[in-house]
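Chemist: The following file, protein_22.json, comprises JSON, C-alpha atoms:
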```
[["chain", "number", "residue", "atom", "x", "y", "z"],
["A", 1, "MET", "CA", -18.50, 92.69, 173.59],
["A", 2, "PRO", "CA", -17.01, 96.19, 173.76],
["A", 3, "LEU", "CA", -19.07, 98.96, 175.25],
["A", 4, "SER", "CA", -18.81, 101.03, 172.07],
["A", 5, "TYR", "CA", -20.95, 98.53, 170.11],
["A", 6, "TYR", "CA", -23.86, 99.05, 172.47],
["A", 7, "LEU", "CA", -23.32, 102.82, 172.47],
["A", 8, "ALA", "CA", -23.32, 102.82, 168.67],
["A", 9, "LEU", "CA", -26.61, 100.89, 168.62],
["A", 10, "SER", "CA", -28.01, 103.34, 171.16],
["A", 11, "ALA", "CA", -26.85, 106.26, 169.00],
["A", 12, "LEU", "CA", -28.55, 104.77, 165.94],
["A", 13, "LEU", "CA", -31.83, 104.31, 167.81],
["A", 14, "PHE", "CA", -31.64, 107.85, 169.16],
["A", 15, "ALA", "CA", -31.02, 109.27, 165.69],
["A", 16, "ILE", "CA", -33.96, 107.32, 164.27],
["A", 17, "GLY", "CA", -36.17, 108.76, 167.02],
["A", 18, "ALA", "CA", -34.93, 112.30, 166.34],
["A", 19, "ALA", "CA", -35.54, 111.90, 162.60],
["A", 20, "GLY", "CA", -39.03, 110.60, 163.38],
["A", 21, "VAL", "CA", -39.84, 113.75, 165.35],
["A", 22, "LEU", "CA", -38.69, 115.80, 162.36],
["A", 23, "ILE", "CA", -40.45, 114.01, 159.50],
["A", 24, "ARG", "CA", -43.75, 112.92, 161.03],
["A", 25, "ARG", "CA", -46.68, 115.30, 161.39],
["A", 26, "ASN", "CA", -48.97, 113.03, 163.39],
["A", 27, "VAL", "CA", -48.51, 113.95, 167.06],
["A", 28, "ILE", "CA", -49.04, 110.38, 168.28],
["A", 29, "VAL", "CA", -46.24, 109.10, 166.05],
["A", 30, "ILE", "CA", -44.06, 112.00, 167.22],
["A", 31, "PHE", "CA", -44.75, 110.76, 170.74],
["A", 32, "MET", "CA", -43.67, 107.25, 169.82],
["A", 33, "ALA", "CA", -40.46, 108.65, 168.35],
["A", 34, "ILE", "CA", -39.80, 110.38, 171.68],
["A", 35, "GLU", "CA", -40.29, 107.04, 173.44],
["A", 36, "LEU", "CA", -37.76, 105.61, 171.01],
["A", 37, "MET", "CA", -35.22, 108.23, 172.06],
["A", 38, "LEU", "CA", -35.85, 107.53, 175.75],
["A", 39, "ASN", "CA", -35.28, 103.83, 175.10],
["A", 40, "ALA", "CA", -32.03, 104.55, 173.29],
["A", 41, "VAL", "CA", -30.81, 106.45, 176.35],
["A", 42, "ASN", "CA", -31.87, 103.51, 178.56],
["A", 43, "LEU", "CA", -29.75, 101.18, 176.45],
["A", 44, "ALA", "CA", -26.72, 103.44, 176.92],
["A", 45, "PHE", "CA", -27.29, 103.47, 180.70],
["A", 46, "VAL", "CA", -27.63, 99.69, 180.94],
["A", 47, "ALA", "CA", -24.56, 99.12, 178.78],
["A", 48, "GLY", "CA", -22.60, 101.51, 180.99],
["A", 49, "ALA", "CA", -23.82, 99.75, 184.13],
["A", 50, "ARG", "CA", -22.61, 96.42, 182.72],
["A", 51, "HIS", "CA", -19.30, 97.86, 181.62],
["A", 52, "TRP", "CA", -18.39, 99.51, 184.91],
["A", 53, "HIS", "CA", -20.04, 96.88, 187.12],
["A", 54, "ASN", "CA", -22.06, 99.62, 188.76],
["A", 55, "LEU", "CA", -25.80, 99.34, 189.35],
["A", 56, "ASP", "CA", -26.41, 103.11, 189.33],
["A", 57, "GLY", "CA", -27.08, 102.95, 185.58],
["A", 58, "GLN", "CA", -29.89, 100.46, 186.04],
["A", 59, "VAL", "CA", -31.45, 102.57, 188.80],
["A", 60, "ILE", "CA", -31.44, 105.58, 186.47],
["A", 61, "VAL", "CA", -33.27, 103.47, 183.87],
["A", 62, "PHE", "CA", -35.99, 102.96, 186.45],
["A", 63, "PHE", "CA", -36.39, 106.74, 186.80],
["A", 64, "VAL", "CA", -36.36, 107.27, 183.04],
["A", 65, "MET", "CA", -39.18, 104.75, 182.71],
["A", 66, "THR", "CA", -41.20, 106.57, 185.37],
["A", 67, "VAL", "CA", -40.77, 109.87, 183.56],
["A", 68, "ALA", "CA", -41.73, 108.20, 180.27],
["A", 69, "ALA", "CA", -44.89, 106.79, 181.83],
["A", 70, "ALA", "CA", -45.87, 110.17, 183.28],
["A", 71, "GLU", "CA", -45.12, 111.88, 179.99],
["A", 72, "ALA", "CA", -47.19, 109.35, 178.04],
["A", 73, "ALA", "CA", -50.17, 109.75, 180.38],
["A", 74, "VAL", "CA", -50.20, 113.55, 180.29],
["A", 75, "GLY", "CA", -49.28, 113.77, 176.61],
["A", 76, "LEU", "CA", -52.00, 111.39, 175.47],
["A", 77, "ALA", "CA", -54.54, 113.30, 177.59],
["A", 78, "ILE", "CA", -53.43, 116.49, 175.84],
["A", 79, "ILE", "CA", -53.79, 114.73, 172.47],
["A", 80, "ILE", "CA", -57.34, 113.62, 173.32],
["A", 81, "ALA", "CA", -58.29, 117.15, 174.42],
["A", 82, "MET", "CA", -56.71, 118.56, 171.29],
["A", 83, "PHE", "CA", -58.50, 116.15, 168.99],
["A", 84, "ARG", "CA", -61.79, 116.94, 170.68],
["A", 85, "ASN", "CA", -61.39, 120.67, 170.07],
["A", 86, "ARG", "CA", -59.70, 120.77, 166.68],
["A", 87, "GLN", "CA", -60.58, 117.40, 165.07],
["A", 88, "THR", "CA", -57.00, 117.01, 163.91],
["A", 89, "LEU", "CA", -53.74, 115.42, 164.99],
["A", 90, "ASN", "CA", -51.59, 117.18, 162.42],
["A", 91, "ALA", "CA", -48.83, 119.11, 164.16],
["A", 92, "ASP", "CA", -48.79, 121.64, 161.30],
["A", 93, "GLU", "CA", -52.38, 122.71, 161.91],
["A", 94, "LEU", "CA", -51.89, 123.32, 165.60],
["A", 95, "ASN", "CA", -50.62, 126.86, 165.72],
["A", 96, "LEU", "CA", -52.38, 128.22, 168.79],
["A", 97, "LEU", "CA", -49.08, 129.08, 170.46],
["A", 98, "ARG", "CA", -47.50, 130.51, 167.33],
["A", 99, "TRP", "CA", -47.16, 134.26, 166.95],
["B", 1, "MET", "CA", -23.19, 87.85, 174.22],
["B", 2, "SER", "CA", -21.44, 86.82, 171.05],
["B", 3, "LEU", "CA", -20.92, 89.22, 168.19],
["B", 4, "PRO", "CA", -23.13, 87.49, 165.56],
["B", 5, "LEU", "CA", -26.01, 87.32, 168.02],
["B", 6, "PHE", "CA", -25.54, 91.00, 168.87],
["B", 7, "LEU", "CA", -25.49, 91.93, 165.18],
["B", 8, "VAL", "CA", -28.70, 90.00, 164.54],
["B", 9, "PHE", "CA", -30.50, 91.75, 167.37],
["B", 10, "ALA", "CA", -29.02, 95.14, 166.44],
["B", 11, "CYS", "CA", -30.28, 94.79, 162.85],
["B", 12, "LEU", "CA", -33.72, 93.68, 164.04],
["B", 13, "LEU", "CA", -33.85, 96.61, 166.48],
["B", 14, "VAL", "CA", -32.91, 99.17, 163.85],
["B", 15, "ALA", "CA", -35.42, 97.68, 161.40],
["B", 16, "ALA", "CA", -38.21, 97.80, 163.99],
["B", 17, "ALA", "CA", -37.28, 101.37, 164.98],
["B", 18, "LEU", "CA", -37.33, 102.42, 161.33],
["B", 19, "GLY", "CA", -40.74, 100.78, 161.08],
["B", 20, "VAL", "CA", -42.01, 103.03, 163.86],
["B", 21, "ILE", "CA", -41.22, 106.21, 161.97],
["B", 22, "LEU", "CA", -41.85, 105.01, 158.40],
["B", 23, "GLN", "CA", -45.25, 103.31, 158.71],
["B", 24, "ARG", "CA", -48.06, 105.55, 157.55],
["B", 25, "HIS", "CA", -50.72, 104.04, 159.79],
["B", 26, "PRO", "CA", -50.28, 104.99, 163.49],
["B", 27, "LEU", "CA", -51.47, 101.54, 164.57],
["B", 28, "ARG", "CA", -48.67, 99.86, 162.61],
["B", 29, "SER", "CA", -46.21, 102.33, 164.11],
["B", 30, "ALA", "CA", -47.40, 101.30, 167.57],
["B", 31, "LEU", "CA", -46.99, 97.60, 166.76],
["B", 32, "ALA", "CA", -43.47, 98.25, 165.43],
["B", 33, "LEU", "CA", -42.73, 100.10, 168.68],
["B", 34, "VAL", "CA", -43.90, 97.06, 170.68],
["B", 35, "ALA", "CA", -41.50, 94.89, 168.65],
["B", 36, "THR", "CA", -38.71, 97.39, 169.34],
["B", 37, "LEU", "CA", -39.39, 97.30, 173.07],
["B", 38, "PHE", "CA", -39.36, 93.49, 173.21],
["B", 39, "LEU", "CA", -36.10, 93.30, 171.23],
["B", 40, "LEU", "CA", -34.57, 95.88, 173.55],
["B", 41, "ALA", "CA", -35.67, 93.79, 176.55],
["B", 42, "VAL", "CA", -33.73, 90.85, 175.07],
["B", 43, "VAL", "CA", -30.64, 93.05, 174.67],
["B", 44, "PHE", "CA", -31.04, 94.10, 178.33],
["B", 45, "LEU", "CA", -31.03, 90.42, 179.29],
["B", 46, "PHE", "CA", -27.73, 89.96, 177.51],
["B", 47, "LEU", "CA", -26.38, 92.91, 179.50],
["B", 48, "ASP", "CA", -27.18, 91.22, 182.85],
["B", 49, "ALA", "CA", -30.06, 93.61, 183.54],
["B", 50, "GLN", "CA", -32.79, 91.12, 184.35],
["B", 51, "LEU", "CA", -34.95, 93.47, 186.41],
["B", 52, "VAL", "CA", -34.74, 96.22, 183.78],
["B", 53, "ALA", "CA", -35.69, 93.73, 181.06],
["B", 54, "VAL", "CA", -38.77, 92.60, 182.96],
["B", 55, "LEU", "CA", -39.72, 96.21, 183.75],
["B", 56, "GLN", "CA", -39.27, 97.06, 180.08],
["B", 57, "ILE", "CA", -41.86, 94.45, 179.13],
["B", 58, "ILE", "CA", -44.30, 95.14, 181.98],
["B", 59, "VAL", "CA", -44.12, 98.94, 182.06],
["B", 60, "TYR", "CA", -43.31, 99.87, 178.47],
["B", 61, "ALA", "CA", -44.78, 97.08, 176.34],
["B", 62, "GLY", "CA", -47.56, 96.47, 178.84],
["B", 63, "ALA", "CA", -48.75, 99.75, 180.30],
["B", 64, "ILE", "CA", -47.50, 102.55, 178.06],
["B", 65, "MET", "CA", -48.21, 100.81, 174.77],
["B", 66, "VAL", "CA", -51.72, 99.88, 175.91],
["B", 67, "LEU", "CA", -52.27, 103.58, 176.55],
["B", 68, "PHE", "CA", -51.03, 104.42, 173.05],
["B", 69, "LEU", "CA", -53.17, 101.74, 171.42],
["B", 70, "PHE", "CA", -56.19, 102.86, 173.44],
["B", 71, "VAL", "CA", -55.83, 106.44, 172.24],
["B", 72, "ILE", "CA", -55.26, 105.36, 168.63],
["B", 73, "MET", "CA", -58.39, 103.20, 168.74],
["B", 74, "LEU", "CA", -60.41, 105.85, 170.58],
["B", 75, "LEU", "CA", -59.62, 108.54, 168.04],
["B", 76, "ASN", "CA", -60.18, 106.07, 165.16],
["B", 77, "LEU", "CA", -57.14, 107.27, 163.25],
["B", 78, "GLN", "CA", -56.70, 106.60, 159.55],
["B", 79, "SER", "CA", -53.58, 106.33, 157.45],
["B", 80, "GLU", "CA", -52.00, 109.66, 156.70],
["B", 81, "PRO", "CA", -52.41, 110.70, 153.09],
["B", 82, "ARG", "CA", -49.17, 110.88, 151.19],
["B", 83, "GLU", "CA", -48.41, 114.55, 150.98],
["B", 84, "ALA", "CA", -46.76, 116.18, 148.03],
["B", 85, "GLY", "CA", -44.13, 118.83, 148.46],
["B", 86, "ARG", "CA", -42.66, 117.45, 151.65],
["B", 87, "VAL", "CA", -39.70, 115.79, 149.95],
["B", 88, "GLY", "CA", -37.35, 118.58, 150.98],
["B", 89, "LEU", "CA", -38.34, 118.23, 154.61],
["B", 90, "LYS", "CA", -37.86, 114.47, 154.52],
["B", 91, "LEU", "CA", -34.47, 114.83, 152.89],
["B", 92, "ALA", "CA", -33.45, 117.39, 155.49],
["B", 93, "ALA", "CA", -34.63, 115.13, 158.31],
["B", 94, "THR", "CA", -32.80, 112.12, 156.88],
["B", 95, "LEU", "CA", -29.64, 114.19, 156.53],
["B", 96, "ALA", "CA", -29.95, 115.60, 160.04],
["B", 97, "GLY", "CA", -30.62, 112.13, 161.47],
["B", 98, "SER", "CA", -27.67, 110.57, 159.65],
["B", 99, "LEU", "CA", -25.37, 113.35, 160.79],
["B", 100, "LEU", "CA", -26.56, 112.94, 164.38],
["B", 101, "ALA", "CA", -26.09, 109.17, 164.18],
["B", 102, "LEU", "CA", -22.59, 109.49, 162.71],
["B", 103, "GLN", "CA", -21.61, 112.03, 165.33],
["B", 104, "LEU", "CA", -22.94, 109.94, 168.23],
["B", 105, "ILE", "CA", -21.34, 106.75, 166.89],
["B", 106, "ALA", "CA", -18.00, 108.50, 166.47],
["B", 107, "LEU", "CA", -18.35, 109.78, 170.02],
["B", 108, "SER", "CA", -19.23, 106.32, 171.34],
["B", 109, "ARG", "CA", -16.10, 104.83, 169.79],
["B", 110, "ALA", "CA", -13.81, 107.40, 171.37],
["B", 111, "PRO", "CA", -11.56, 105.97, 174.07],
["B", 112, "VAL", "CA", -13.11, 106.35, 177.49],
["B", 113, "ALA", "CA", -10.83, 107.68, 180.19],
["B", 114, "ILE", "CA", -12.48, 107.08, 183.53],
["B", 115, "PRO", "CA", -10.28, 106.10, 186.43],
["B", 116, "GLY", "CA", -11.02, 102.70, 187.90],
["B", 117, "ALA", "CA", -13.16, 101.70, 184.97],
["B", 118, "GLY", "CA", -13.62, 97.97, 184.96],
["B", 119, "THR", "CA", -13.80, 96.28, 181.62],
["B", 120, "ALA", "CA", -16.34, 93.69, 180.66],
["B", 121, "GLY", "CA", -16.00, 90.37, 182.40],
["B", 122, "ALA", "CA", -17.93, 88.26, 184.79],
["B", 123, "VAL", "CA", -20.20, 90.33, 187.00],
["B", 124, "ALA", "CA", -20.83, 89.74, 190.67],
["B", 125, "GLU", "CA", -23.45, 87.23, 191.73],
["B", 126, "GLY", "CA", -26.93, 88.75, 191.59],
["B", 127, "PHE", "CA", -25.90, 91.77, 189.46],
["B", 128, "GLY", "CA", -29.01, 93.30, 187.93],
["B", 129, "MET", "CA", -31.40, 91.09, 189.85],
["B", 130, "THR", "CA", -34.30, 92.50, 191.84],
["B", 131, "VAL", "CA", -32.50, 92.22, 195.19],
["B", 132, "SER", "CA", -29.38, 94.17, 194.26],
["B", 133, "VAL", "CA", -31.15, 96.89, 192.24],
["B", 134, "GLY", "CA", -33.89, 97.20, 194.87],
["B", 135, "GLU", "CA", -31.33, 97.54, 197.63],
["B", 136, "ARG", "CA", -29.63, 100.37, 195.76],
["B", 137, "LEU", "CA", -33.01, 101.96, 195.03],
["B", 138, "PHE", "CA", -34.22, 101.92, 198.63],
["B", 139, "THR", "CA", -30.99, 103.05, 200.30],
["B", 140, "GLN", "CA", -28.93, 105.34, 198.10],
["B", 141, "TYR", "CA", -31.80, 106.54, 195.89],
["B", 142, "LEU", "CA", -34.62, 106.63, 198.42],
["B", 143, "LEU", "CA", -35.46, 110.33, 198.03],
["B", 144, "PRO", "CA", -35.59, 110.29, 194.21],
["B", 145, "PHE", "CA", -37.68, 107.14, 194.45],
["B", 146, "GLU", "CA", -40.20, 108.87, 196.71],
["B", 147, "ILE", "CA", -40.23, 111.89, 194.40],
["B", 148, "THR", "CA", -41.18, 109.66, 191.46],
["B", 149, "SER", "CA", -44.36, 108.75, 193.33],
["B", 150, "VAL", "CA", -45.23, 112.45, 193.55],
["B", 151, "LEU", "CA", -44.45, 112.81, 189.83],
["B", 152, "LEU", "CA", -46.78, 109.93, 188.98],
["B", 153, "LEU", "CA", -49.53, 111.35, 191.18],
["B", 154, "VAL", "CA", -49.23, 114.73, 189.46],
["B", 155, "ALA", "CA", -49.33, 112.99, 186.07],
["B", 156, "ILE", "CA", -52.45, 111.04, 187.00],
["B", 157, "ILE", "CA", -54.28, 114.15, 188.22],
["B", 158, "GLY", "CA", -53.14, 116.12, 185.19],
["B", 159, "ALA", "CA", -54.32, 113.42, 182.79],
["B", 160, "VAL", "CA", -57.73, 113.19, 184.45],
["B", 161, "VAL", "CA", -58.19, 116.97, 184.44],
["B", 162, "LEU", "CA", -57.12, 117.27, 180.80],
["B", 163, "ALA", "CA", -59.15, 114.38, 179.46],
["B", 164, "LYS", "CA", -62.30, 115.21, 181.41],
["B", 165, "ARG", "CA", -65.15, 116.31, 179.20],
["B", 166, "GLN", "CA", -65.93, 119.96, 179.66],
["B", 167, "VAL", "CA", -69.15, 120.43, 181.61],
["B", 168, "SER", "CA", -70.93, 123.45, 180.25]]
```
Would you mind writing the file out in structure tokens?
Modeler:
Amino acid sequence: MPLSYYLALSALLFAIGAAGVLIRRNVIVIFMAIELMLNAVNLAFVAGARHWHNLDGQVIVFFVMTVAAAEAAVGLAIIIAMFRNRQTLNADELNLLRW
Amino acid sequence: MSLPLFLVFACLLVAAALGVILQRHPLRSALALVATLFLLAVVFLFLDAQLVAVLQIIVYAGAIMVLFLFVIMLLNLQSEPREAGRVGLKLAATLAGSLLALQLIALSRAPVAIPGAGTAGAVAEGFGMTVSVGERLFTQYLLPFEITSVLLLVAIIGAVVLAKRQVS
């Protein structure tokens, strides 16, 4: 199996995640789309590690997962706080930082 | 991993990923994401990344998705109403996503010129198992590994502070 097949699959997953961030207005779903993009990057790293017989790629995946876990914890806490104050999860109605 | 098997899993993966962003109920999106993560774990297995595959299921499908489901249940979310007048936005997003995908795929098929690049073939004994990855993690990547613990601690404290009910 050539490396490019896996990279193409990774690219497709990443693009789906990016499109999800653009079209969805629910912040939780936007979060899931971000997780999708992180997973696409993981796939590219693992495929590279297999292709070059180098374990560094798999170690990086470990770090990406840690960052994803931290991001999910903090982000979901922000979402809960937001929902408590504004009673909405629609990204269009959250304009506190807009000027 | 043979080509037909790869194509089957690639199609399933793309379908599950599309399910994540196209379902209107957040709960169904989350379940589609769980399916995506499991399918990706299988692909990792085919790439001789056993430890990563197991971590994918334990950390992602286990811990992170439970967090997502917990928040979705806690907030008692409903399906999003179908909104009128967003067709332009959706078209633009589809176009942007397709362009990005095409560009990345074209890039991924470009010839790679890295000196000493081995091509696919049999990997060394124990490649991708806990012992070899752990050895790399605790020798060459010890400092980043320790820093991740600080990152997680900061995330835990931040989540507790943020989610704590305001005491007035």
Chemist: With 7 Å as the cut-off and only C-alpha atoms counted, what is the closest atom pair between each nearby residue of chain A and chain B? Distances in Å to one decimal, ordered by chain and number, as CSV.
Modeler:
```
residue,atom,partner,partner_atom,distance
A:Met1,CA,B:Met1,CA,6.8
A:Ser4,CA,B:Arg109,CA,5.2
A:Leu7,CA,B:Ser108,CA,5.5
A:Ala8,CA,B:Ile105,CA,4.7
A:Leu9,CA,B:Ala10,CA,6.6
A:Ala11,CA,B:Leu104,CA,5.4
A:Leu12,CA,B:Ala101,CA,5.3
A:Leu13,CA,B:Val14,CA,6.6
A:Ala15,CA,B:Gly97,CA,5.1
A:Ile16,CA,B:Gly97,CA,6.5
A:Ala18,CA,B:Gly97,CA,6.5
A:Ala19,CA,B:Gly97,CA,5.1
A:Gly20,CA,B:Ile21,CA,5.1
A:Leu22,CA,B:Ala93,CA,5.8
A:Ile23,CA,B:Lys90,CA,5.6
A:Val29,CA,B:Pro26,CA,6.3
A:Ala33,CA,B:Ile21,CA,6.9
A:Ala47,CA,B:Leu47,CA,6.5
A:Arg50,CA,B:Leu47,CA,6.1
A:His51,CA,B:Ala120,CA,5.2
A:Trp52,CA,B:Gly118,CA,5.0
A:His53,CA,B:Val123,CA,6.6
A:Leu55,CA,B:Val133,CA,6.6
A:Gln58,CA,B:Val52,CA,6.8
A:Val59,CA,B:Leu137,CA,6.5
A:Thr66,CA,B:Thr148,CA,6.8
A:Ala69,CA,B:Ile64,CA,6.2
A:Ala70,CA,B:Ala155,CA,5.3
A:Ala72,CA,B:Ile64,CA,6.8
A:Ala73,CA,B:Ala159,CA,6.0
A:Val74,CA,B:Ala159,CA,4.8
A:Ala77,CA,B:Ala163,CA,5.1
A:Ile78,CA,B:Leu162,CA,6.2
A:Ile80,CA,B:Ala163,CA,6.4
A:Ala81,CA,B:Ala163,CA,5.8
```
Chemist: Take the residues just selected and output them with C-alpha atoms as a PDB file, in the coordinates of the input.
Modeler:
```
ATOM      1  CA  MET A   1     -18.500  92.690 173.590  1.00  0.00           C
ATOM      2  CA  SER A   4     -18.810 101.030 172.070  1.00  0.00           C
ATOM      3  CA  LEU A   7     -23.320 102.820 172.470  1.00  0.00           C
ATOM      4  CA  ALA A   8     -23.320 102.820 168.670  1.00  0.00           C
ATOM      5  CA  LEU A   9     -26.610 100.890 168.620  1.00  0.00           C
ATOM      6  CA  ALA A  11     -26.850 106.260 169.000  1.00  0.00           C
ATOM      7  CA  LEU A  12     -28.550 104.770 165.940  1.00  0.00           C
ATOM      8  CA  LEU A  13     -31.830 104.310 167.810  1.00  0.00           C
ATOM      9  CA  ALA A  15     -31.020 109.270 165.690  1.00  0.00           C
ATOM     10  CA  ILE A  16     -33.960 107.320 164.270  1.00  0.00           C
ATOM     11  CA  ALA A  18     -34.930 112.300 166.340  1.00  0.00           C
ATOM     12  CA  ALA A  19     -35.540 111.900 162.600  1.00  0.00           C
ATOM     13  CA  GLY A  20     -39.030 110.600 163.380  1.00  0.00           C
ATOM     14  CA  LEU A  22     -38.690 115.800 162.360  1.00  0.00           C
ATOM     15  CA  ILE A  23     -40.450 114.010 159.500  1.00  0.00           C
ATOM     16  CA  VAL A  29     -46.240 109.100 166.050  1.00  0.00           C
ATOM     17  CA  ALA A  33     -40.460 108.650 168.350  1.00  0.00           C
ATOM     18  CA  ALA A  47     -24.560  99.120 178.780  1.00  0.00           C
ATOM     19  CA  ARG A  50     -22.610  96.420 182.720  1.00  0.00           C
ATOM     20  CA  HIS A  51     -19.300  97.860 181.620  1.00  0.00           C
ATOM     21  CA  TRP A  52     -18.390  99.510 184.910  1.00  0.00           C
ATOM     22  CA  HIS A  53     -20.040  96.880 187.120  1.00  0.00           C
ATOM     23  CA  LEU A  55     -25.800  99.340 189.350  1.00  0.00           C
ATOM     24  CA  GLN A  58     -29.890 100.460 186.040  1.00  0.00           C
ATOM     25  CA  VAL A  59     -31.450 102.570 188.800  1.00  0.00           C
ATOM     26  CA  THR A  66     -41.200 106.570 185.370  1.00  0.00           C
ATOM     27  CA  ALA A  69     -44.890 106.790 181.830  1.00  0.00           C
ATOM     28  CA  ALA A  70     -45.870 110.170 183.280  1.00  0.00           C
ATOM     29  CA  ALA A  72     -47.190 109.350 178.040  1.00  0.00           C
ATOM     30  CA  ALA A  73     -50.170 109.750 180.380  1.00  0.00           C
ATOM     31  CA  VAL A  74     -50.200 113.550 180.290  1.00  0.00           C
ATOM     32  CA  ALA A  77     -54.540 113.300 177.590  1.00  0.00           C
ATOM     33  CA  ILE A  78     -53.430 116.490 175.840  1.00  0.00           C
ATOM     34  CA  ILE A  80     -57.340 113.620 173.320  1.00  0.00           C
ATOM     35  CA  ALA A  81     -58.290 117.150 174.420  1.00  0.00           C
TER      36      ALA A  81
END
```
Chemist: Quick one: distance from atom CA of A:Leu3 to atom CA of A:Phe45 in Å, one decimal?
Modeler: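 These atoms are spaced 10.8 Å apart.
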Chemist: Give me, please, the distance in Å between atom CA of A:Asn42 and atom CA of A:Val61, quoted to one decimal.
Modeler: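 That distance, rounded to one decimal, is 5.5 Å.
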Chemist: One number please: atom CA of A:Glu93 to atom CA of B:Val66, in Å, one decimal.
Modeler: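 Atom CA of B:Val66 lies 26.8 Å from atom CA of A:Glu93.
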